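As stored in target02.cif (mmCIF, C-alpha atoms):
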data_entry
loop_
_atom_site.group_PDB
_atom_site.id
_atom_site.type_symbol
_atom_site.label_atom_id
_atom_site.label_comp_id
_atom_site.auth_asym_id
_atom_site.auth_seq_id
_atom_site.Cartn_x
_atom_site.Cartn_y
_atom_site.Cartn_z
ATOM 1 C CA MET A 128 -29.152 -18.935 -20.544
ATOM 2 C CA GLN A 129 -31.116 -15.806 -21.233
ATOM 3 C CA GLU A 130 -34.118 -14.946 -23.402
ATOM 4 C CA LYS A 131 -36.356 -11.986 -24.146
ATOM 5 C CA LEU A 132 -39.897 -11.396 -22.961
ATOM 6 C CA ALA A 133 -42.202 -8.763 -24.429
ATOM 7 C CA GLY A 134 -45.522 -7.235 -23.462
ATOM 8 C CA VAL A 135 -46.653 -5.467 -20.327
ATOM 9 C CA ASN A 136 -48.442 -8.430 -18.704
ATOM 10 C CA SER A 137 -45.610 -10.905 -19.280
ATOM 11 C CA ILE A 138 -42.952 -8.579 -17.881
ATOM 12 C CA MET A 139 -45.097 -7.416 -14.969
ATOM 13 C CA GLU A 140 -45.692 -10.996 -13.855
ATOM 14 C CA ALA A 141 -42.016 -11.821 -14.337
ATOM 15 C CA LEU A 142 -41.181 -8.967 -11.961
ATOM 16 C CA ASN A 143 -43.568 -10.526 -9.448
ATOM 17 C CA GLY A 144 -42.293 -14.044 -10.123
ATOM 18 C CA ARG A 145 -39.177 -16.106 -9.489
ATOM 19 C CA ARG A 146 -36.912 -15.577 -12.469
ATOM 20 C CA LYS A 147 -34.098 -13.024 -12.656
ATOM 21 C CA ILE A 148 -34.653 -9.987 -14.876
ATOM 22 C CA HIS A 149 -31.431 -8.402 -16.118
ATOM 23 C CA LYS A 150 -32.689 -5.347 -17.980
ATOM 24 C CA ILE A 151 -35.863 -3.785 -19.358
ATOM 25 C CA PHE A 152 -36.002 -1.797 -22.598
ATOM 26 C CA VAL A 153 -38.852 0.700 -22.982
ATOM 27 C CA GLN A 154 -39.861 2.498 -26.146
ATOM 28 C CA GLU A 155 -39.287 6.250 -26.013
ATOM 29 C CA GLY A 156 -42.560 8.060 -25.440
ATOM 30 C CA ARG A 157 -44.327 4.935 -24.164
ATOM 31 C CA GLU A 158 -46.780 6.055 -21.476
ATOM 32 C CA GLY A 159 -49.791 4.804 -19.574
ATOM 33 C CA LYS A 160 -50.827 3.681 -16.124
ATOM 34 C CA ARG A 161 -49.669 0.067 -16.571
ATOM 35 C CA ILE A 162 -46.256 1.173 -17.843
ATOM 36 C CA GLU A 163 -45.876 3.512 -14.876
ATOM 37 C CA GLU A 164 -46.754 0.669 -12.483
ATOM 38 C CA LEU A 165 -44.287 -1.620 -14.210
ATOM 39 C CA LEU A 166 -41.446 0.907 -14.074
ATOM 40 C CA LYS A 167 -42.068 1.573 -10.380
ATOM 41 C CA LEU A 168 -42.011 -2.161 -9.664
ATOM 42 C CA ALA A 169 -38.806 -2.559 -11.687
ATOM 43 C CA GLU A 170 -37.190 0.229 -9.669
ATOM 44 C CA LYS A 171 -38.308 -1.474 -6.466
ATOM 45 C CA ARG A 172 -36.795 -4.756 -7.675
ATOM 46 C CA GLY A 173 -33.541 -3.048 -8.644
ATOM 47 C CA VAL A 174 -33.962 -3.736 -12.371
ATOM 48 C CA TYR A 175 -32.397 -1.211 -14.720
ATOM 49 C CA CYS A 176 -34.708 0.256 -17.391
ATOM 50 C CA GLN A 177 -33.415 1.871 -20.567
ATOM 51 C CA TYR A 178 -35.410 3.965 -23.063
ATOM 52 C CA VAL A 179 -34.740 3.111 -26.706
ATOM 53 C CA ASP A 180 -36.382 3.892 -30.052
ATOM 54 C CA ARG A 181 -39.028 1.697 -31.685
ATOM 55 C CA GLN A 182 -36.608 0.401 -34.314
ATOM 56 C CA ARG A 183 -34.290 -0.975 -31.639
ATOM 57 C CA LEU A 184 -37.151 -2.893 -30.019
ATOM 58 C CA ASP A 185 -38.314 -4.188 -33.409
ATOM 59 C CA GLN A 186 -34.835 -5.613 -33.949
ATOM 60 C CA MET A 187 -34.694 -7.135 -30.459
ATOM 61 C CA TYR A 188 -38.077 -8.851 -30.601
ATOM 62 C CA THR A 189 -39.448 -10.091 -33.919
ATOM 63 C CA GLN A 190 -41.925 -12.825 -32.843
ATOM 64 C CA ALA A 191 -44.942 -10.572 -32.271
ATOM 65 C CA ASN A 192 -46.021 -7.110 -31.138
ATOM 66 C CA HIS A 193 -43.727 -6.170 -28.259
ATOM 67 C CA GLN A 194 -46.120 -3.417 -26.997
ATOM 68 C CA GLY A 195 -43.183 -1.042 -26.605
ATOM 69 C CA ILE A 196 -41.390 -3.014 -23.900
ATOM 70 C CA VAL A 197 -38.890 -5.889 -23.899
ATOM 71 C CA ALA A 198 -37.086 -7.536 -20.979
ATOM 72 C CA GLN A 199 -33.893 -9.579 -20.967
ATOM 73 C CA VAL A 200 -34.423 -12.419 -18.470
ATOM 74 C CA ASP A 201 -33.064 -15.793 -17.400
ATOM 75 C CA SER A 202 -34.605 -18.777 -19.175
ATOM 76 C CA PHE A 203 -37.524 -20.444 -17.396
ATOM 77 C CA ALA A 204 -36.366 -22.706 -14.553
ATOM 78 C CA TYR A 205 -38.133 -26.065 -14.363
ATOM 79 C CA SER A 206 -39.045 -27.636 -11.026
ATOM 80 C CA SER A 207 -39.324 -31.222 -9.787
ATOM 81 C CA ILE A 208 -42.294 -33.340 -8.772
ATOM 82 C CA ASP A 209 -41.076 -33.189 -5.174
ATOM 83 C CA GLU A 210 -41.120 -29.384 -5.299
ATOM 84 C CA ILE A 211 -44.690 -29.431 -6.603
ATOM 85 C CA LEU A 212 -45.782 -31.767 -3.795
ATOM 86 C CA GLU A 213 -43.969 -29.572 -1.281
ATOM 87 C CA LYS A 214 -45.802 -26.505 -2.579
ATOM 88 C CA ALA A 215 -49.128 -28.274 -2.030
ATOM 89 C CA ALA A 216 -48.105 -29.352 1.474
ATOM 90 C CA LEU A 217 -47.037 -25.820 2.421
ATOM 91 C CA SER A 218 -50.371 -24.492 1.177
ATOM 92 C CA GLY A 219 -52.226 -26.868 3.499
ATOM 93 C CA GLN A 220 -54.153 -28.274 0.548
ATOM 94 C CA GLU A 221 -54.327 -31.706 -0.990
ATOM 95 C CA PRO A 222 -52.242 -31.791 -4.182
ATOM 96 C CA PHE A 223 -53.835 -30.881 -7.483
ATOM 97 C CA ILE A 224 -51.454 -31.568 -10.370
ATOM 98 C CA LEU A 225 -51.898 -31.354 -14.127
ATOM 99 C CA ILE A 226 -50.095 -33.757 -16.483
ATOM 100 C CA LEU A 227 -49.939 -32.648 -20.124
ATOM 101 C CA ASP A 228 -49.191 -35.577 -22.426
ATOM 102 C CA GLY A 229 -48.041 -33.956 -25.646
ATOM 103 C CA ILE A 230 -49.376 -30.397 -25.808
ATOM 104 C CA GLU A 231 -47.209 -29.040 -28.619
ATOM 105 C CA ASP A 232 -48.892 -25.763 -29.531
ATOM 106 C CA PRO A 233 -47.440 -22.832 -27.507
ATOM 107 C CA GLN A 234 -50.781 -20.994 -27.556
ATOM 108 C CA ASN A 235 -52.583 -23.992 -26.074
ATOM 109 C CA MET A 236 -49.811 -24.542 -23.541
ATOM 110 C CA GLY A 237 -49.966 -20.917 -22.407
ATOM 111 C CA SER A 238 -53.760 -20.904 -22.199
ATOM 112 C CA ILE A 239 -53.778 -24.117 -20.163
ATOM 113 C CA ILE A 240 -51.162 -22.776 -17.752
ATOM 114 C CA ARG A 241 -53.184 -19.584 -17.280
ATOM 115 C CA THR A 242 -56.337 -21.563 -16.463
ATOM 116 C CA ALA A 243 -54.431 -23.919 -14.150
ATOM 117 C CA GLU A 244 -52.866 -21.036 -12.231
ATOM 118 C CA CYS A 245 -56.235 -19.304 -11.825
ATOM 119 C CA ALA A 246 -57.781 -22.545 -10.527
ATOM 120 C CA GLY A 247 -55.064 -23.154 -7.943
ATOM 121 C CA VAL A 248 -53.286 -26.095 -9.591
ATOM 122 C CA HIS A 249 -50.066 -26.659 -7.644
ATOM 123 C CA GLY A 250 -47.922 -27.725 -10.580
ATOM 124 C CA ILE A 251 -47.761 -29.103 -14.093
ATOM 125 C CA ILE A 252 -45.830 -32.085 -15.448
ATOM 126 C CA VAL A 253 -44.835 -32.254 -19.119
ATOM 127 C CA PRO A 254 -42.821 -34.846 -21.070
ATOM 128 C CA ARG A 255 -39.305 -34.007 -22.211
ATOM 129 C CA HIS A 256 -40.158 -34.913 -25.810
ATOM 130 C CA ASN A 257 -43.153 -34.114 -28.041
ATOM 131 C CA SER A 258 -44.211 -31.179 -25.911
ATOM 132 C CA SER A 259 -43.975 -27.423 -26.079
ATOM 133 C CA GLU A 260 -41.286 -26.052 -23.791
ATOM 134 C CA ILE A 261 -41.850 -22.940 -21.689
ATOM 135 C CA THR A 262 -40.802 -20.403 -24.295
ATOM 136 C CA PRO A 263 -41.445 -16.651 -24.443
ATOM 137 C CA ALA A 264 -44.415 -17.446 -26.720
ATOM 138 C CA VAL A 265 -45.903 -19.654 -23.987
ATOM 139 C CA VAL A 266 -45.251 -16.974 -21.383
ATOM 140 C CA ARG A 267 -47.121 -14.435 -23.485
ATOM 141 C CA ALA A 268 -50.005 -16.804 -24.221
ATOM 142 C CA SER A 269 -50.354 -17.395 -20.477
ATOM 143 C CA ALA A 270 -50.502 -13.614 -19.816
ATOM 144 C CA GLY A 271 -47.518 -14.156 -17.508
ATOM 145 C CA ALA A 272 -49.251 -16.831 -15.392
ATOM 146 C CA VAL A 273 -46.378 -19.227 -16.044
ATOM 147 C CA GLU A 274 -44.204 -17.066 -13.776
ATOM 148 C CA HIS A 275 -46.272 -18.330 -10.831
ATOM 149 C CA MET A 276 -46.538 -21.985 -11.892
ATOM 150 C CA LEU A 277 -44.166 -24.852 -11.084
ATOM 151 C CA VAL A 278 -43.522 -26.961 -14.189
ATOM 152 C CA ALA A 279 -41.660 -30.271 -14.032
ATOM 153 C CA MET A 280 -40.240 -31.842 -17.197
ATOM 154 C CA GLU A 281 -40.069 -35.654 -17.009
ATOM 155 C CA THR A 282 -38.456 -38.103 -19.421
ATOM 156 C CA ASN A 283 -41.021 -40.837 -18.677
ATOM 157 C CA LEU A 284 -44.600 -39.852 -17.787
ATOM 158 C CA VAL A 285 -45.527 -43.418 -16.771
ATOM 159 C CA ASN A 286 -42.781 -43.416 -14.140
ATOM 160 C CA ALA A 287 -43.927 -39.956 -13.012
ATOM 161 C CA ILE A 288 -47.480 -41.264 -12.604
ATOM 162 C CA LYS A 289 -46.257 -44.250 -10.585
ATOM 163 C CA SER A 290 -44.341 -41.880 -8.332
ATOM 164 C CA LEU A 291 -47.458 -39.766 -7.791
ATOM 165 C CA LYS A 292 -49.475 -42.887 -6.940
ATOM 166 C CA LYS A 293 -46.922 -43.798 -4.270
ATOM 167 C CA ASN A 294 -47.579 -40.338 -2.819
ATOM 168 C CA GLY A 295 -51.304 -41.073 -2.613
ATOM 169 C CA LEU A 296 -52.561 -39.232 -5.698
ATOM 170 C CA TRP A 297 -55.405 -40.478 -7.872
ATOM 171 C CA ILE A 298 -54.682 -40.262 -11.589
ATOM 172 C CA ILE A 299 -57.651 -39.082 -13.680
ATOM 173 C CA ALA A 300 -57.464 -39.047 -17.473
ATOM 174 C CA ALA A 301 -59.631 -36.941 -19.755
ATOM 175 C CA ASP A 302 -60.209 -38.860 -22.980
ATOM 176 C CA MET A 303 -62.962 -39.245 -25.583
ATOM 177 C CA ASP A 304 -63.150 -42.967 -24.731
ATOM 178 C CA GLY A 305 -63.835 -42.297 -21.043
ATOM 179 C CA GLU A 306 -66.233 -44.484 -19.061
ATOM 180 C CA GLN A 307 -68.476 -41.621 -17.947
ATOM 181 C CA ASP A 308 -69.068 -37.899 -18.385
ATOM 182 C CA TYR A 309 -66.709 -35.781 -16.329
ATOM 183 C CA PHE A 310 -69.519 -33.945 -14.485
ATOM 184 C CA CYS A 311 -71.310 -37.174 -13.500
ATOM 185 C CA CYS A 312 -68.576 -38.825 -11.479
ATOM 186 C CA ARG A 313 -66.761 -38.289 -8.256
ATOM 187 C CA MET A 314 -63.250 -36.909 -8.806
ATOM 188 C CA PRO A 315 -61.086 -38.509 -6.106
ATOM 189 C CA THR A 316 -58.556 -36.348 -4.334
ATOM 190 C CA PRO A 317 -55.620 -35.699 -4.111
ATOM 191 C CA THR A 318 -55.729 -35.435 -7.861
ATOM 192 C CA ALA A 319 -53.456 -35.602 -10.885
ATOM 193 C CA LEU A 320 -55.380 -34.803 -14.061
ATOM 194 C CA VAL A 321 -53.966 -36.132 -17.344
ATOM 195 C CA VAL A 322 -54.776 -34.398 -20.620
ATOM 196 C CA GLY A 323 -53.578 -35.516 -24.049
ATOM 197 C CA GLY A 324 -52.126 -33.573 -26.937
ATOM 198 C CA GLU A 325 -53.918 -31.892 -29.798
ATOM 199 C CA GLY A 326 -53.586 -34.805 -32.199
ATOM 200 C CA GLN A 327 -53.097 -38.248 -30.701
ATOM 201 C CA GLY A 328 -54.548 -37.601 -27.255
ATOM 202 C CA ILE A 329 -53.245 -39.537 -24.272
ATOM 203 C CA ARG A 330 -50.757 -42.266 -25.170
ATOM 204 C CA ARG A 331 -51.809 -45.852 -24.493
ATOM 205 C CA LEU A 332 -49.335 -46.673 -21.710
ATOM 206 C CA VAL A 333 -50.090 -43.419 -19.940
ATOM 207 C CA LYS A 334 -53.835 -44.068 -20.106
ATOM 208 C CA GLU A 335 -53.416 -47.646 -18.856
ATOM 209 C CA ASN A 336 -51.786 -46.324 -15.679
ATOM 210 C CA CYS A 337 -54.653 -43.953 -14.870
ATOM 211 C CA ASP A 338 -57.187 -44.817 -12.162
ATOM 212 C CA LEU A 339 -60.180 -43.191 -13.851
ATOM 213 C CA VAL A 340 -60.907 -42.086 -17.421
ATOM 214 C CA VAL A 341 -63.620 -39.465 -17.980
ATOM 215 C CA ARG A 342 -64.989 -37.892 -21.141
ATOM 216 C CA ILE A 343 -66.496 -34.627 -22.248
ATOM 217 C CA PRO A 344 -69.786 -35.363 -24.049
ATOM 218 C CA MET A 345 -69.856 -34.330 -27.707
ATOM 219 C CA ILE A 346 -73.379 -33.766 -29.058
ATOM 220 C CA GLY A 347 -72.782 -31.495 -32.039
ATOM 221 C CA SER A 348 -71.373 -32.300 -35.466
ATOM 222 C CA ILE A 349 -67.779 -31.538 -34.443
ATOM 223 C CA LYS A 350 -66.478 -34.219 -32.090
ATOM 224 C CA SER A 351 -63.539 -32.517 -30.438
ATOM 225 C CA LEU A 352 -62.707 -29.399 -28.439
ATOM 226 C CA ASN A 353 -59.630 -27.223 -28.439
ATOM 227 C CA ALA A 354 -57.149 -28.736 -25.951
ATOM 228 C CA SER A 355 -57.098 -25.670 -23.699
ATOM 229 C CA VAL A 356 -60.901 -25.452 -23.604
ATOM 230 C CA ALA A 357 -61.277 -29.148 -22.770
ATOM 231 C CA THR A 358 -58.639 -28.908 -20.049
ATOM 232 C CA GLY A 359 -60.310 -25.861 -18.529
ATOM 233 C CA LEU A 360 -63.669 -27.606 -18.254
ATOM 234 C CA ILE A 361 -62.289 -30.527 -16.272
ATOM 235 C CA ILE A 362 -59.901 -28.455 -14.150
ATOM 236 C CA TYR A 363 -62.842 -26.414 -12.902
ATOM 237 C CA GLU A 364 -64.970 -29.487 -12.272
ATOM 238 C CA VAL A 365 -62.192 -30.838 -10.055
ATOM 239 C CA LEU A 366 -62.037 -27.457 -8.297
ATOM 240 C CA ARG A 367 -65.820 -27.348 -7.868
ATOM 241 C CA GLN A 368 -65.877 -30.753 -6.233
ATOM 242 C CA ARG A 369 -62.927 -29.929 -3.983
ATOM 243 C CA GLN A 370 -64.665 -26.784 -2.765
ATOM 244 C CA THR A 371 -68.125 -28.289 -2.269
ATOM 245 C CA ASN A 372 -67.091 -31.845 -1.246
ATOM 246 C CA LEU A 373 -69.458 -33.255 -3.840
#
Have the structure of the file written as structure tokens, please.
Amino acid sequence: MQEKLAGVNSIMEALNGRRKIHKIFVQEGREGKRIEELLKLAEKRGVYCQYVDRQRLDQMYTQANHQGIVAQVDSFAYSSIDEILEKAALSGQEPFILILDGIEDPQNMGSIIRTAECAGVHGIIVPRHNSSEITPAVVRASAGAVEHMLVAMETNLVNAIKSLKKNGLWIIAADMDGEQDYFCCRMPTPTALVVGGEGQGIRRLVKENCDLVVRIPMIGSIKSLNASVATGLIIYEVLRQRQTNL
């Protein structure tokens, strides 16, 4: 299947990523350094670019501001857990995997993927149900980072966790009922970090199969953080400890 991406960053990263781009539509008169770089890269990749008027683009892409450029691409291709583990092995690093248990908001999903990609996470696992899929809205929210991230969609997260344990990974959950603050404990590695959804958090059976549950301390009047912010804090604590061996 095919879908449409819009925006300079999303399309630029798609050109540098793994998915097939069939055609790019550019608004007549659209100029600028980033557009020039994108068009040169498209030519290098053998992707045909067509200039069209603004009205045509408005009709093609109605979700948000298309920034004068729309691409027709293959739908996002999901990976497997084995492919994620292989990516880690080929990198010469111990696996660092993110498990998202019920992130349903595309903006949060995209923001989390962007942070994970920047921090060197090797792959993300999401459930088949009650989760945002990798849609063009997620691609845009991730600023195109999703084009460089392996995402596995699993029917049963508990079984996925058990499979990761057999491969030697420690499963760390981030939850408000955690035993200790996330920055006060040793994060074992190789690591799979589990983060819950915006509403219900981590489901009971998923949490029960985790090796360690940590919390983010809440001192102010509001007792919860945005899901992408909370995930970013703990992702970078894991990275800090991996880099400093603390």
Practice task
Please provide as a list in words all residues within 12 Å of stretch 333-335 of chain A, with the sequence filter that same-chain residues fewer than 4 positions apart are discarded (counting only C-alpha atoms).
Solution key: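 Answer for this query is Ile226, Leu227, Asp228, Gly229, Pro254, Asn283, Leu284, Val285, Asn286, Ala287, Ile288, Lys289, Ile298, Ile299, Ala300, Ala301, Asp302, Met303, Asp304, Gly305, Leu320, Val321, Val322, Gly323, Gly328, Ile329, Leu339, Val340 and Val341 of chain A.
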Completion exercise
One decimal place gives the atom CA of A:Val273-atom CA of A:Leu166 separation as 20.8 Å
Problem - Residues returned when the PyMOL selection byres ((chain A and resi 132-145) around 6) runs on this file, as a ChimeraX atom specification - result: /A:131,146,165,193-194,196-198,263,267,270-271,274-275
Problem - Nearby residues (all atoms listed in the file) at most 8 Å from A:Ser238, same-chain spacing under 6 positions excluded, as a list of chain:residue names - result: A:Ala268, A:Ser269, A:Ser355
Exercise for the section: Can you give me, as a VMD selection string, the residues this file yields under the PyMOL selection byres ((chain A and resi 314) around 12)? Expected result: chain A and resid 223 296 to 301 307 to 313 315 to 320 338 to 341 361 to 373
Handout entry: Selected residue of minimal separation from A:Val253 among A:Ser202, A:Gly347, A:Arg342, A:Ile240, counting all atoms listed in the file
Key =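 Ranked by minimum distance to A:Val253, first place goes to A:Ile240.
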Problem - Option closest in space to A:Gly156, from A:Ile224, A:Leu168, A:Leu332, A:Val179 [counting only C-alpha atoms] - result: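 Once distances to A:Gly156 are computed over only C-alpha atoms, the minimum belongs to A:Val179.
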Problem - Closest of A:Thr282, A:Gly295, A:Val266, A:Gly195 to A:Glu158 - atom-to-atom distances counting only C-alpha atoms - result: A:Gly195
Exercise for the section: For atom CA of A:Ser259 and atom CA of A:Ala204, quote the distance in Å rounded to one decimal. Expected result: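 Result for atom CA of A:Ser259 versus atom CA of A:Ala204: 14.6 Å, one decimal.
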Handout entry: Explicit residue set for the PyMOL selection byres ((chain A and resi 249) around 8), as number ranges by chain
Key = A: 211-212, 214-215, 222-224, 244, 247-248, 250-251, 276-277
Handout entry: Point-to-point distance in Å for atom CA of A:Cys245 and atom CA of A:Leu360
Key =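 It comes out at 12.9 Å.
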Problem - Pick from A:Arg172, A:Lys167, A:Arg183, A:Arg330 nearest to A:Val153, counting all atoms listed in the file - result: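 For A:Val153, the nearest of the candidates is A:Arg183.
Proximity ranking of A:Gln220, A:Gln199, A:Asn336, A:Thr189 relative to A:Gln177 places A:Gln199 first, based on only C-alpha atoms.
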Practice task
Compare A:Ile208, A:Ile162, A:Met236, A:Ile252 by their minimum atom-to-atom distance to A:Ala272, counting all atoms listed in the file, and give me the closest one.
Solution key: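 Ranking A:Ile208, A:Ile162, A:Met236, A:Ile252 by distance to A:Ala272, first place goes to A:Met236.
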